[in-house]
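Everything below concerns the one structure shown next.
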Amino acid sequence: MSMDAVFRALADKSRRKLLDRLHKRNGQALGELCEGLAMSRQAVTKHLAILEAANLVVSKKEGRTKLHFINAVPINDIAERWIVKFEHRRLSALSALKDILERNS
Amino acid sequence: MSSNTFIYVTYIRTTSEKLWDALTKPEFNRQYWFGCHQESDWKPGSSWTLKMPDGSIADAGEVLECDPPRRMVLKWRNEFRPELKAEGFTRCTFEIEEADGMAKLTVTHQAERPSIFIDKVSTGWPKILSSLKSLLETGKGLPRTDQPK
């Protein structure tokens with residue numbers, strides 16, 4: 001379950017589209033996910049398998065149907081590792097700037 | 001179920017027992033759960049509360065199932081916002097499995113009806129679980145989740 005797998009899975013436009021669709025409505029079956037997409041059922045199945053292997057999608061059997069759920073944890077791991085760290089530096093720079101400007105006003 | 005259900009999965013380099021401790025012991029909870037902690041004796045039928053850093057009750061409910069270190073099911077309701085409390089109880093299931101030398105944690109949080117509360121926790125869970133993973137793997141929770149917001 002490496003971060004490489006997550007980045008590779010996210011590097012594809014069709015897979016990001018599938019994640020967007022699940023974000024909009026969580027817990028969809030394959031048939032619903034394919035609706036209105038310019039992709040074959042086989043292609044969607046393949047992309048879902050890659051998303052599942054990266055732990056970005058989790059599937060669960062409900063009776064005879066397999067429902068797909070978006071799992072935001074790996075995306076949050078990336079955000080913590082690659083975004084918050086840099087955001088934090090910028091935010092502290094901004095608050096230092098605010099301090100200086102307010103002191104001089 | 002579907003839109004009233006959220007499922008989160010994380011793989012953590014630790015043992016099932018350590019993960020269970022981190023989920024159930026208050027001193028661990030505080031380090032990755034926005035400073036909150038849970039109180040319960042973790043027996044089926046016992047009460048369960050999630051407390052804010054100041055000790056007030058955020059959420060409350062009941063332990064429905066408890067099978068350490070594998071599975072726990074909680075009946076869960078928000079207590080401090082009247083409109084969320086009015087939605088009634090949700091159900092949260094924690095499952096721990098061993099997978100490739102790692103502990104796989106699956107958290108399934110569901111409501112019977114469309115729920116604003118479920119939508120709200122759905123943005124919190126990924127942060128809590130990322131921080132839990134960090135705590136168990138590195139000894140430190142993540143900065144945004146180890147102290148009150």
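Residue numbering restarts at 1 in every chain; chains get A, B, ... in the order shown in the structure tokens, and ligands count up from 1 in that same order.
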* Can you list, as JSON, numbers by chain, every protein, DNA or RNA residue that comes within 10 Å of stretch 20-35 of chain A when you count only C-alpha atoms, leaving out same-chain residues fewer than 6 positions away? -> {"A": [14, 41, 42, 43, 44, 45, 48, 57, 58, 59, 60, 61, 62, 65, 66, 67, 68, 69, 70, 71, 72], "B": [1, 2, 3, 4, 5, 6, 7]}
* To do: For A:Val73, work out the shell of residues within 8 Å, counting only C-alpha atoms and skipping chain neighbours fewer than 5 positions away, then give it as a PyMOL selection string.
  => (chain A and resi 56) or (chain B and resi 8-10+125-127+129-130)
* To do: Please identify which residues in stretch 3-100 of chain A DSSP calls helix (DSSP H, G or I) from the backbone, and express them as JSON, numbers by chain.
  => {"A": [3, 4, 5, 6, 7, 8, 9, 10, 13, 14, 15, 16, 17, 18, 19, 20, 21, 22, 23, 24, 30, 31, 32, 33, 34, 41, 42, 43, 44, 45, 46, 47, 48, 49, 50, 51, 52, 53, 73, 74, 75, 76, 77, 78, 79, 80, 81, 82, 83, 84, 85, 86, 87, 88, 89, 90, 91, 92, 93, 94, 95, 96, 97, 98, 99, 100]}
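The spacing separating atom CA of A:Leu51 from atom CA of A:Leu19 amounts to 8.6 Å.
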* To do: Give me the residues within 7 Å of stretch 76-80 of chain B as a ChimeraX atom specification, counting only C-alpha atoms and dropping any in the same chain fewer than 6 places off.
  => /B:57-62,88-92
Could you take the residues named above and write them with N, CA and C atoms, as a CSV table (one decimal), in the first residue's frame?
```csv
chain,number,residue,atom,x,y,z
B,57,ILE,N,-19.2,16.3,26.6
B,57,ILE,CA,-19.6,15.2,25.8
B,57,ILE,C,-19.9,15.6,24.3
B,58,ALA,N,-19.1,15.0,23.4
B,58,ALA,CA,-19.3,15.4,22.0
B,58,ALA,C,-20.4,14.4,21.4
B,59,ASP,N,-20.1,13.1,21.6
B,59,ASP,CA,-21.0,12.1,21.0
B,59,ASP,C,-21.2,11.0,22.1
B,60,ALA,N,-22.3,10.3,22.0
B,60,ALA,CA,-22.5,9.2,23.0
B,60,ALA,C,-23.3,8.1,22.4
B,61,GLY,N,-23.3,6.9,23.1
B,61,GLY,CA,-24.0,5.8,22.6
B,61,GLY,C,-23.7,4.6,23.4
B,62,GLU,N,-23.6,3.4,22.7
B,62,GLU,CA,-23.5,2.2,23.4
B,62,GLU,C,-22.6,1.2,22.6
B,88,GLY,N,-30.8,11.0,15.3
B,88,GLY,CA,-30.8,9.7,15.9
B,88,GLY,C,-29.4,9.0,15.8
B,89,PHE,N,-29.5,7.7,16.1
B,89,PHE,CA,-28.2,6.9,16.2
B,89,PHE,C,-27.7,6.5,14.8
B,90,THR,N,-26.3,6.5,14.7
B,90,THR,CA,-25.6,5.9,13.6
B,90,THR,C,-24.9,4.7,14.1
B,91,ARG,N,-24.3,4.0,13.2
B,91,ARG,CA,-23.6,2.7,13.6
B,91,ARG,C,-22.2,2.8,13.1
B,92,CYS,N,-21.2,2.6,14.0
B,92,CYS,CA,-19.8,2.6,13.5
B,92,CYS,C,-19.2,1.3,13.8
```
* Pick from A:Glu102, A:Asp77, A:Glu52, A:Asp12 nearest to chain B, counting only C-alpha atoms ->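 Nearest to chain B: A:Asp77.
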* Structure fact -> atom CA of B:Arg81 to atom CA of B:Gly55 measures 16.1 Å
* To do: Quick one: pick out all strand (DSSP E or B) residues within chain A from a backbone DSSP run and write them as a PyMOL selection string.
  => chain A and resi 28-29+57-62+65-70
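Straight-line separation from atom CA of B:Val63 to atom CA of B:Glu95: 14.1 Å.
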* To do: Find the residue from B:Pro53, B:Pro26, B:Gly35, B:Pro68 that sits nearest to B:Gly141; use only C-alpha atoms when measuring.
  => B:Gly35
* Structure fact -> Counting only C-alpha atoms, the residue among B:Leu132, B:Gln110, B:Leu19, B:Asp54 that lies closest to B:Trp33 is B:Leu132
